[in-house]
$ cat final23.cif   # mmCIF, C-alpha atoms
data_input
#
loop_
_atom_site.label_atom_id
_atom_site.label_comp_id
_atom_site.auth_asym_id
_atom_site.auth_seq_id
_atom_site.Cartn_x
_atom_site.Cartn_y
_atom_site.Cartn_z
CA MET A 1 97.30 45.04 182.32
CA ARG A 2 98.34 41.99 184.27
CA SER A 3 100.27 44.05 186.82
CA THR A 4 97.29 46.30 187.49
CA HIS A 5 95.21 43.19 187.97
CA GLU A 6 97.65 41.68 190.47
CA ARG A 7 98.12 44.96 192.28
CA ALA A 8 94.37 45.39 192.63
CA GLY A 9 94.05 41.75 193.65
CA ARG A 10 96.15 42.22 196.74
CA VAL A 11 93.71 44.68 198.25
CA ARG A 12 90.54 42.82 197.26
CA SER A 13 88.20 42.55 200.16
CA LYS A 14 84.51 42.50 200.80
CA ARG A 15 85.01 45.34 203.25
CA LEU A 16 86.49 47.82 200.77
CA PRO A 17 84.54 51.08 200.90
CA ARG A 18 82.39 51.82 197.90
CA GLU A 19 84.53 54.79 196.78
CA VAL A 20 87.63 52.60 196.65
CA ARG A 21 85.84 49.99 194.55
CA GLU A 22 84.44 52.65 192.26
CA ARG A 23 87.92 54.11 191.81
CA GLN A 24 89.31 50.67 190.93
CA ILE A 25 86.55 50.15 188.39
CA LEU A 26 87.04 53.57 186.81
CA ASP A 27 90.84 53.17 186.70
CA ALA A 28 90.40 49.84 184.94
CA ALA A 29 87.75 51.19 182.59
CA VAL A 30 89.88 54.16 181.48
CA GLU A 31 92.76 51.76 180.75
CA VAL A 32 90.63 49.28 178.81
CA PHE A 33 88.57 51.87 176.87
CA SER A 34 91.73 53.74 175.91
CA GLN A 35 93.49 50.62 174.63
CA ARG A 36 90.60 48.78 172.99
CA GLY A 37 88.23 51.58 171.99
CA TYR A 38 84.65 51.75 173.23
CA HIS A 39 83.15 48.99 171.07
CA ALA A 40 85.89 46.39 171.52
CA ALA A 41 86.20 46.99 175.27
CA SER A 42 84.35 44.33 177.27
CA MET A 43 82.85 44.50 180.72
CA ASP A 44 84.56 41.13 181.35
CA GLU A 45 87.99 42.64 180.82
CA ILE A 46 87.17 45.74 182.87
CA SER A 47 85.93 43.52 185.69
CA GLU A 48 89.11 41.43 185.49
CA VAL A 49 91.50 44.40 185.39
CA ALA A 50 89.64 46.05 188.29
CA ASP A 51 89.48 42.74 190.15
CA ILE A 52 85.85 43.47 190.96
CA SER A 53 83.13 41.00 190.01
CA LYS A 54 81.06 41.89 186.97
CA PRO A 55 77.73 42.08 188.85
CA MET A 56 79.42 44.51 191.26
CA VAL A 57 80.68 46.61 188.32
CA TYR A 58 77.11 46.84 187.00
CA ALA A 59 75.72 47.49 190.48
CA TYR A 60 78.11 50.37 191.13
CA LEU A 61 78.43 52.05 187.76
CA GLY A 62 75.71 50.68 185.51
CA SER A 63 75.98 49.68 181.86
CA LYS A 64 79.06 49.98 179.66
CA GLU A 65 77.58 53.21 178.31
CA ASP A 66 77.12 54.62 181.84
CA LEU A 67 80.62 53.52 182.76
CA PHE A 68 82.15 55.25 179.73
CA ALA A 69 80.24 58.45 180.52
CA ALA A 70 81.48 58.24 184.14
CA CYS A 71 85.07 57.88 182.82
CA ILE A 72 84.67 61.01 180.68
CA ARG A 73 83.32 62.99 183.64
CA ARG A 74 86.00 61.82 186.07
CA GLU A 75 88.93 62.33 183.72
CA ALA A 76 87.68 65.75 182.62
CA THR A 77 87.33 66.80 186.26
CA LYS A 78 90.86 65.59 187.03
CA LEU A 79 92.16 67.55 184.05
CA MET A 80 90.42 70.74 185.12
CA GLU A 81 91.66 70.33 188.71
CA ALA A 82 95.20 69.97 187.37
CA ILE A 83 94.85 73.23 185.39
CA ALA A 84 93.33 75.14 188.32
CA ASP A 85 96.08 73.80 190.64
CA GLY A 86 98.74 74.80 188.13
CA VAL A 87 97.43 78.35 187.90
CA ALA A 88 97.08 78.57 191.70
CA GLU A 89 100.83 77.92 192.00
CA ALA A 90 101.65 80.82 189.69
CA GLY A 91 102.49 84.33 190.82
CA ASN A 92 100.37 87.29 189.79
CA SER A 93 101.91 87.99 186.41
CA PRO A 94 99.50 87.10 183.59
CA ASP A 95 102.15 85.40 181.47
CA GLU A 96 103.12 83.13 184.35
CA GLN A 97 99.47 82.30 185.03
CA LEU A 98 98.82 81.43 181.41
CA TRP A 99 102.05 79.46 181.22
CA ARG A 100 101.24 77.45 184.39
CA GLY A 101 97.78 76.68 183.04
CA LEU A 102 99.07 75.49 179.68
CA ARG A 103 101.93 73.62 181.32
CA ALA A 104 99.49 71.84 183.65
CA PHE A 105 97.23 70.92 180.73
CA PHE A 106 100.01 69.41 178.62
CA GLY A 107 101.58 67.85 181.71
CA PHE A 108 98.27 66.08 182.40
CA VAL A 109 97.89 64.91 178.80
CA GLY A 110 101.49 63.62 178.80
CA GLU A 111 101.17 61.85 182.13
CA PHE A 112 97.69 60.43 181.57
CA ARG A 113 97.62 59.62 177.88
CA ASP A 114 94.95 56.97 178.53
CA SER A 115 92.73 59.64 180.06
CA TRP A 116 93.23 61.95 177.11
CA ARG A 117 92.54 59.18 174.60
CA VAL A 118 89.28 58.32 176.36
CA LEU A 119 88.33 61.96 176.70
CA HIS A 120 89.17 63.20 173.28
CA ARG A 121 89.64 60.48 170.70
CA GLN A 122 87.33 57.74 171.96
CA ALA A 123 84.52 60.05 173.03
CA SER A 124 84.70 61.95 169.71
CA ALA A 125 84.82 58.72 167.76
CA GLN A 126 81.72 57.38 169.53
CA GLY A 127 79.54 60.43 169.13
CA GLY A 128 75.95 60.27 170.43
CA PRO A 129 75.57 60.73 174.19
CA PHE A 130 79.37 60.81 174.63
CA ALA A 131 79.72 63.72 172.21
CA GLN A 132 77.13 65.49 174.37
CA GLU A 133 79.05 64.62 177.54
CA LEU A 134 82.27 65.85 175.92
CA GLY A 135 80.51 69.04 174.78
CA ASP A 136 79.38 69.71 178.36
CA MET A 137 82.94 69.20 179.61
CA ARG A 138 84.29 71.58 176.93
CA LYS A 139 81.81 74.20 178.15
CA ARG A 140 83.06 73.76 181.71
CA ALA A 141 86.65 74.05 180.48
CA ILE A 142 85.81 77.24 178.57
CA SER A 143 84.16 78.69 181.70
CA LEU A 144 87.23 77.79 183.76
CA VAL A 145 89.61 79.39 181.26
CA ALA A 146 87.38 82.47 180.92
CA ALA A 147 87.40 82.87 184.72
CA LEU A 148 91.20 82.63 184.75
CA LEU A 149 91.46 85.20 181.94
CA ILE A 150 89.11 87.60 183.75
CA ASN A 151 91.20 87.27 186.92
CA THR A 152 94.33 88.04 184.97
CA ALA A 153 92.73 90.97 183.18
CA GLN A 154 91.47 92.44 186.48
CA ASP A 155 94.88 92.10 188.12
CA GLU A 156 96.36 94.00 185.21
CA GLY A 157 93.61 96.59 184.97
CA VAL A 158 92.99 95.66 181.36
CA GLY A 159 90.48 97.68 179.33
CA ALA A 160 87.39 96.70 177.40
CA ALA A 161 89.39 95.37 174.43
CA ALA A 162 90.39 92.27 176.36
CA THR A 163 87.68 91.82 179.01
CA GLY A 164 84.74 91.99 176.60
CA GLN A 165 85.98 89.00 174.72
CA THR A 166 87.01 86.55 177.43
CA ASP A 167 84.42 83.90 176.52
CA ALA A 168 85.39 83.94 172.87
CA LEU A 169 89.11 83.99 173.67
CA ALA A 170 88.64 81.14 176.14
CA ALA A 171 86.83 79.10 173.46
CA ALA A 172 89.69 79.75 171.03
CA LEU A 173 92.30 78.84 173.64
CA VAL A 174 90.54 75.60 174.63
CA GLY A 175 90.18 74.64 170.95
CA ALA A 176 93.84 75.39 170.25
CA SER A 177 94.94 73.35 173.30
CA GLU A 178 92.78 70.35 172.38
CA SER A 179 93.93 70.39 168.79
CA LEU A 180 97.59 70.70 169.73
CA ALA A 181 97.25 67.88 172.30
CA ASP A 182 95.75 65.72 169.56
CA TRP A 183 98.68 66.61 167.28
CA TRP A 184 101.01 65.66 170.15
CA LEU A 185 99.57 62.11 170.39
CA ASP A 186 101.05 61.60 166.90
CA HIS A 187 104.36 63.35 167.81
CA PRO A 188 105.21 61.80 171.18
CA GLU A 189 108.90 62.70 170.82
CA GLU A 190 108.21 66.22 172.13
CA SER A 191 108.19 66.98 175.86
CA ALA A 192 105.15 68.44 177.60
CA GLY A 193 107.12 71.60 178.29
CA ALA A 194 108.10 72.01 174.62
CA VAL A 195 104.51 71.60 173.39
CA ALA A 196 103.19 73.98 176.06
CA ALA A 197 105.87 76.53 175.09
CA ARG A 198 104.78 76.35 171.43
CA LEU A 199 101.23 77.27 172.34
CA MET A 200 102.40 79.88 174.85
CA ASN A 201 104.43 81.51 172.10
CA LEU A 202 101.46 81.57 169.79
CA VAL A 203 98.91 82.95 172.22
CA TRP A 204 101.16 85.16 174.32
CA MET A 205 103.57 86.55 171.75
CA GLY A 206 101.31 86.24 168.72
CA PHE A 207 102.45 85.58 165.15
CA GLY A 208 103.26 89.26 164.87
CA ASN A 209 106.15 88.83 167.29
CA LEU A 210 107.09 85.35 166.03
CA VAL A 211 107.57 86.53 162.45
CA ASP A 212 109.76 89.32 163.85
CA GLY A 213 111.85 86.63 165.51
CA HIS A 214 110.76 87.37 169.10
CA THR A 215 109.85 84.37 171.23
CA TRP A 216 108.68 83.76 174.76
CA GLN A 217 110.93 81.75 177.09
CA PRO A 218 109.51 79.62 179.91
CA PRO A 219 110.78 80.48 183.40
CA LYS A 220 113.55 78.21 184.67
CA GLY A 221 112.50 74.93 186.22
CA SER A 222 109.26 74.48 184.33
CA MET B 1 62.40 73.94 152.28
CA ARG B 2 59.37 74.36 150.12
CA SER B 3 61.02 77.13 148.11
CA THR B 4 64.09 75.00 147.40
CA HIS B 5 61.79 72.20 146.30
CA GLU B 6 59.89 74.44 143.91
CA ARG B 7 63.04 76.07 142.59
CA ALA B 8 64.61 72.69 141.92
CA GLY B 9 61.35 71.47 140.39
CA ARG B 10 61.50 74.01 137.62
CA VAL B 11 64.72 72.59 136.25
CA ARG B 12 63.76 68.92 136.62
CA SER B 13 64.50 67.04 133.45
CA LYS B 14 65.54 63.56 132.45
CA ARG B 15 68.36 65.10 130.45
CA LEU B 16 70.06 66.90 133.37
CA PRO B 17 73.74 65.96 133.47
CA ARG B 18 74.79 63.74 136.32
CA GLU B 19 76.87 66.45 138.03
CA VAL B 20 73.87 68.78 138.16
CA ARG B 21 71.73 66.06 139.71
CA GLU B 22 74.43 65.18 142.21
CA ARG B 23 74.75 68.82 143.17
CA GLN B 24 70.97 69.08 143.70
CA ILE B 25 71.04 65.98 145.89
CA LEU B 26 73.99 67.20 147.95
CA ASP B 27 72.47 70.69 148.37
CA ALA B 28 69.27 69.10 149.63
CA ALA B 29 71.11 66.65 151.87
CA VAL B 30 73.18 69.39 153.57
CA GLU B 31 69.99 71.34 154.23
CA VAL B 32 68.05 68.36 155.61
CA PHE B 33 70.94 66.88 157.68
CA SER B 34 71.69 70.29 159.16
CA GLN B 35 68.08 70.93 160.17
CA ARG B 36 67.00 67.45 161.28
CA GLY B 37 70.27 65.85 162.42
CA TYR B 38 71.61 62.65 160.88
CA HIS B 39 69.22 60.17 162.50
CA ALA B 40 65.99 62.11 161.97
CA ALA B 41 66.84 63.06 158.38
CA SER B 42 65.04 60.82 155.89
CA MET B 43 65.99 59.89 152.33
CA ASP B 44 62.35 60.65 151.44
CA GLU B 45 62.73 64.26 152.49
CA ILE B 46 66.12 64.63 150.81
CA SER B 47 64.65 63.18 147.60
CA GLU B 48 61.71 65.59 147.83
CA VAL B 49 63.82 68.68 148.55
CA ALA B 50 66.24 67.75 145.74
CA ASP B 51 63.32 66.92 143.44
CA ILE B 52 65.16 63.78 142.39
CA SER B 53 63.52 60.37 142.74
CA LYS B 54 64.66 58.27 145.68
CA PRO B 55 66.02 55.39 143.52
CA MET B 56 68.06 57.99 141.63
CA VAL B 57 69.41 59.40 144.92
CA TYR B 58 70.54 55.89 145.93
CA ALA B 59 71.92 55.22 142.44
CA TYR B 60 74.02 58.37 142.41
CA LEU B 61 75.20 58.71 145.99
CA GLY B 62 74.47 55.45 147.78
CA SER B 63 73.05 54.95 151.25
CA LYS B 64 72.21 57.68 153.75
CA GLU B 65 75.59 57.00 155.38
CA ASP B 66 77.41 57.42 152.04
CA LEU B 67 75.44 60.56 151.32
CA PHE B 68 76.31 62.10 154.68
CA ALA B 69 80.01 61.30 154.15
CA ALA B 70 79.80 62.89 150.67
CA CYS B 71 78.28 66.02 152.26
CA ILE B 72 81.15 66.25 154.75
CA ARG B 73 83.74 65.91 151.96
CA ARG B 74 82.08 68.44 149.67
CA GLU B 75 81.44 71.07 152.34
CA ALA B 76 84.95 70.71 153.75
CA THR B 77 86.42 71.14 150.27
CA LYS B 78 84.29 74.26 149.67
CA LEU B 79 85.48 75.65 153.00
CA MET B 80 89.14 75.04 152.20
CA GLU B 81 88.73 76.57 148.72
CA ALA B 82 87.20 79.66 150.34
CA ILE B 83 90.21 79.99 152.69
CA ALA B 84 92.76 79.47 149.89
CA ASP B 85 90.89 82.00 147.70
CA GLY B 86 90.82 84.50 150.56
CA VAL B 87 94.56 84.20 151.13
CA ALA B 88 95.23 84.43 147.37
CA GLU B 89 93.55 87.85 147.34
CA ALA B 90 95.83 89.16 150.08
CA GLY B 91 99.03 91.08 149.51
CA ASN B 92 102.37 89.77 150.70
CA SER B 93 102.26 90.97 154.29
CA PRO B 94 101.85 88.07 156.71
CA ASP B 95 99.27 89.85 158.84
CA GLU B 96 97.09 90.51 155.80
CA GLN B 97 97.44 86.89 154.66
CA LEU B 98 96.45 85.55 158.07
CA TRP B 99 93.62 88.05 158.30
CA ARG B 100 92.25 87.13 154.84
CA GLY B 101 92.41 83.44 155.72
CA LEU B 102 90.56 83.92 159.02
CA ARG B 103 88.09 86.32 157.42
CA ALA B 104 87.35 83.78 154.66
CA PHE B 105 86.86 81.01 157.20
CA PHE B 106 84.40 82.95 159.36
CA GLY B 107 82.76 84.39 156.24
CA PHE B 108 82.11 80.84 155.01
CA VAL B 109 80.77 79.69 158.38
CA GLY B 110 78.48 82.74 158.55
CA GLU B 111 77.22 82.36 155.01
CA PHE B 112 76.84 78.58 155.03
CA ARG B 113 75.75 77.81 158.56
CA ASP B 114 74.07 74.61 157.32
CA SER B 115 77.41 73.45 155.95
CA TRP B 116 79.17 74.18 159.21
CA ARG B 117 76.48 72.44 161.26
CA VAL B 118 76.80 69.33 159.10
CA LEU B 119 80.57 69.48 159.15
CA HIS B 120 81.16 70.18 162.77
CA ARG B 121 78.19 69.52 165.01
CA GLN B 122 76.39 66.72 163.18
CA ALA B 123 79.52 64.84 162.16
CA SER B 124 80.95 65.10 165.71
CA ALA B 125 77.65 64.06 167.21
CA GLN B 126 77.45 60.98 165.00
CA GLY B 127 80.97 59.69 165.56
CA GLY B 128 82.00 56.41 163.91
CA PRO B 129 82.91 56.67 160.22
CA PHE B 130 81.91 60.35 160.16
CA ALA B 131 84.33 61.19 162.97
CA GLN B 132 86.99 59.51 160.84
CA GLU B 133 85.93 61.51 157.77
CA LEU B 134 85.97 64.69 159.84
CA GLY B 135 89.39 63.78 161.23
CA ASP B 136 90.73 63.36 157.68
CA MET B 137 89.32 66.77 156.71
CA ARG B 138 90.91 68.36 159.80
CA LYS B 139 94.26 66.90 158.72
CA ARG B 140 93.83 68.43 155.25
CA ALA B 141 92.91 71.78 156.85
CA ILE B 142 96.01 71.63 159.08
CA SER B 143 98.18 70.88 156.02
CA LEU B 144 96.64 73.82 154.16
CA VAL B 145 97.20 76.20 157.06
CA ALA B 146 100.75 74.90 157.59
CA ALA B 147 101.50 75.52 153.88
CA LEU B 148 100.16 79.07 154.20
CA LEU B 149 102.25 79.68 157.32
CA ILE B 150 105.38 78.35 155.62
CA ASN B 151 104.77 80.67 152.66
CA THR B 152 104.39 83.61 154.99
CA ALA B 153 107.47 82.67 156.97
CA GLN B 154 109.56 82.30 153.80
CA ASP B 155 108.39 85.65 152.47
CA GLU B 156 109.48 87.24 155.73
CA GLY B 157 112.74 85.30 156.05
CA VAL B 158 111.66 83.99 159.45
CA GLY B 159 114.09 81.95 161.49
CA ALA B 160 113.89 78.48 162.94
CA ALA B 161 111.77 79.62 165.90
CA ALA B 162 108.73 79.94 163.68
CA THR B 163 109.37 77.58 160.74
CA GLY B 164 110.16 74.53 162.86
CA GLN B 165 106.74 74.61 164.43
CA THR B 166 104.40 75.26 161.52
CA ASP B 167 102.56 71.91 161.83
CA ALA B 168 101.96 72.38 165.53
CA LEU B 169 100.99 76.03 165.09
CA ALA B 170 98.65 75.09 162.25
CA ALA B 171 96.99 72.46 164.46
CA ALA B 172 96.55 75.06 167.21
CA LEU B 173 95.15 77.62 164.77
CA VAL B 174 92.69 75.15 163.20
CA GLY B 175 91.52 74.07 166.67
CA ALA B 176 91.10 77.67 167.80
CA SER B 177 89.13 78.53 164.63
CA GLU B 178 86.82 75.53 164.95
CA SER B 179 86.18 76.17 168.60
CA LEU B 180 85.48 79.86 168.05
CA ALA B 181 83.15 79.07 165.11
CA ASP B 182 81.28 76.69 167.40
CA TRP B 183 81.04 79.44 170.04
CA TRP B 184 79.73 81.74 167.31
CA LEU B 185 76.79 79.40 166.48
CA ASP B 186 75.55 80.21 169.99
CA HIS B 187 76.32 83.96 169.65
CA PRO B 188 74.93 84.79 166.18
CA GLU B 189 74.64 88.49 167.03
CA GLU B 190 78.32 89.01 166.13
CA SER B 191 79.40 89.69 162.55
CA ALA B 192 81.86 87.42 160.73
CA GLY B 193 84.36 90.28 160.66
CA ALA B 194 84.09 90.85 164.42
CA VAL B 195 84.63 87.16 165.24
CA ALA B 196 87.56 86.92 162.80
CA ALA B 197 89.08 90.06 164.34
CA ARG B 198 88.88 88.50 167.82
CA LEU B 199 90.91 85.50 166.70
CA MET B 200 93.29 87.67 164.68
CA ASN B 201 93.96 89.70 167.79
CA LEU B 202 94.67 86.59 169.81
CA VAL B 203 96.97 84.88 167.33
CA TRP B 204 98.61 87.92 165.77
CA MET B 205 98.99 90.26 168.72
CA GLY B 206 99.06 87.63 171.44
CA PHE B 207 97.75 88.07 174.98
CA GLY B 208 100.98 89.84 175.82
CA ASN B 209 99.97 92.79 173.67
CA LEU B 210 96.27 92.53 174.55
CA VAL B 211 96.90 92.86 178.28
CA ASP B 212 99.05 95.90 177.47
CA GLY B 213 96.02 97.36 175.70
CA HIS B 214 97.40 97.00 172.15
CA THR B 215 95.02 95.57 169.57
CA TRP B 216 95.13 94.74 165.88
CA GLN B 217 92.77 96.62 163.55
CA PRO B 218 91.44 95.04 160.34
CA PRO B 219 92.21 96.96 157.14
CA LYS B 220 89.34 99.11 155.89
CA GLY B 221 86.65 97.38 153.83
CA SER B 222 87.08 93.91 155.29
#
$ encode --input "final23.cif" --output "structure tokens"
Amino acid sequence: MRSTHERAGRVRSKRLPREVRERQILDAAVEVFSQRGYHAASMDEISEVADISKPMVYAYLGSKEDLFAACIRREATKLMEAIADGVAEAGNSPDEQLWRGLRAFFGFVGEFRDSWRVLHRQASAQGGPFAQELGDMRKRAISLVAALLINTAQDEGVGAAATGQTDALAAALVGASESLADWWLDHPEESAGAVAARLMNLVWMGFGNLVDGHTWQPPKGS
Amino acid sequence: MRSTHERAGRVRSKRLPREVRERQILDAAVEVFSQRGYHAASMDEISEVADISKPMVYAYLGSKEDLFAACIRREATKLMEAIADGVAEAGNSPDEQLWRGLRAFFGFVGEFRDSWRVLHRQASAQGGPFAQELGDMRKRAISLVAALLINTAQDEGVGAAATGQTDALAAALVGASESLADWWLDHPEESAGAVAARLMNLVWMGFGNLVDGHTWQPPKGS
């Protein structure tokens, strides 16, 4: 944490725009909440890591509870942007779109483990208003995934069997991704690509193909 | 609740064995926690619904916190028994085993919505020790599903592609099931069989087959 502190210290100035200060506070808060847990995290430490005075932290982002909720919202938004960006880079084939989305999700979790811990483990462990906040974010994620699935289905001219169930399928896919990402926190030896490929195999190929020995291979360079 | 109260009242007796009394208390607690939420639920109401005096409730199952944790453990165990029983009734084919397991899970959630609300929504919303309890139950569920998948894979002589990833696949499958069951609470118009068939299609056929218009059909009478 010291290095973050010193790095932030170099740019400390009364004339920093509000959005820069808010970003410093949120960066520090995600780091401290992830490492200490919500209860043990202190506003003193967040203020020190952010190199922003404690009254300023309260003035900008409110109480510790408000700050934690702001962390959940910001990190969830970053995660969803990463997924949407990943899919936008894909070609039109539905397997590539799904693969890019999953790859972006696990890439984000791997790169920003602090974010994922705050989002998933800490927010779940706290419950109360944070569970509500997390529930709202899950709903947004399900809507995003459902929109991506509908796009894919339309491109492919898919019939009622698939399009009628996009919301339910999106809920299943989001739940599977969350649960597998949580499993991954305890198995950090796997790469993001390997974990994403596991889920891709399950949801694209299905167990029916897996038990027959058929698997799905990621395109080169992902 | 009145009817439960009256029904329980008829069998009230000082000579009831402890396990009968504990069952009455837990039945009442699941009902009250599910309907009121953890905070609003009162030990007075639980005692009244169970028709067991409040000191006896405390003597048998401890504080409200202990009682809620006992509810989570009992309902999770019932749910896992239902899944294991469902799979035990299936023949040897892996698709039937998976189908029976999913069907049993969604059948349980549909039949015991109070149990599911306590297990999933209330425990998540509370966080703290209950989130821990719920996390432990999820781990047991993942182990159960992984054991079922390994059985299936061995029966089919499946290669490394599938057997090496049973834990991760089980985590994904448990997450997908939970998330879809949660979606179902908000879409109660669907039958348990229809919701189970949606997930079966996703995880057995895979999106690859779904976008090609192929679907999986449940066997008759399930």
$ residues_around --input "final23.cif" --residues "segment 65-78 of chain A" --least-positions-apart "4" --cutoff "10 Å" --atoms "all atoms listed in the file" --output "ChimeraX atom specification"
/A:23,25-30,33,38,43,57-58,60-61,82-84,108,112,114-116,118-120,122-123,129-134,136-138,140-141
$ residues_around --input "final23.cif" --residues "segment 98-101 of chain A" --least-positions-apart "2" --cutoff "8 Å" --atoms "only C-alpha atoms" --output "PyMOL selection string"
chain A and resi 83-84+86-87+89-90+94-96+103-105+196-197+200+218
$ interface_residues --input "final23.cif" --of "chain B" --to "chain A" --cutoff "6 Å" --atoms "all atoms listed in the file" --output "PyMOL selection string"
chain B and resi 124-128+131+158+171-172+175-176+179-180+203-208+211
$ axis_aligned_box --input "final23.cif" --around "segment 34-53 of chain B" --padding-each-side "4 Å" --output "AutoDock Vina command-line options"
--center_x 66.7 --center_y 65.4 --center_z 152.4 --size_x 18.0 --size_y 19.0 --size_z 28.1
$ atom_distance --input "final23.cif" --atom1 "atom CA of Phe106 of chain A" --atom2 "atom CA of Gly193 of chain A"
7.4 Å
$ residues_around --input "final23.cif" --residues "Met56 of chain A" --least-positions-apart "2" --cutoff "12 Å" --atoms "only C-alpha atoms" --output "count of residues only"
22
$ atom_distance --input "final23.cif" --atom1 "atom CA of His39 of chain B" --atom2 "atom CA of Lys64 of chain B"
9.6 Å
$ atom_distance --input "final23.cif" --atom1 "atom CA of Ala88 of chain B" --atom2 "atom CA of Ile142 of chain B"
17.4 Å
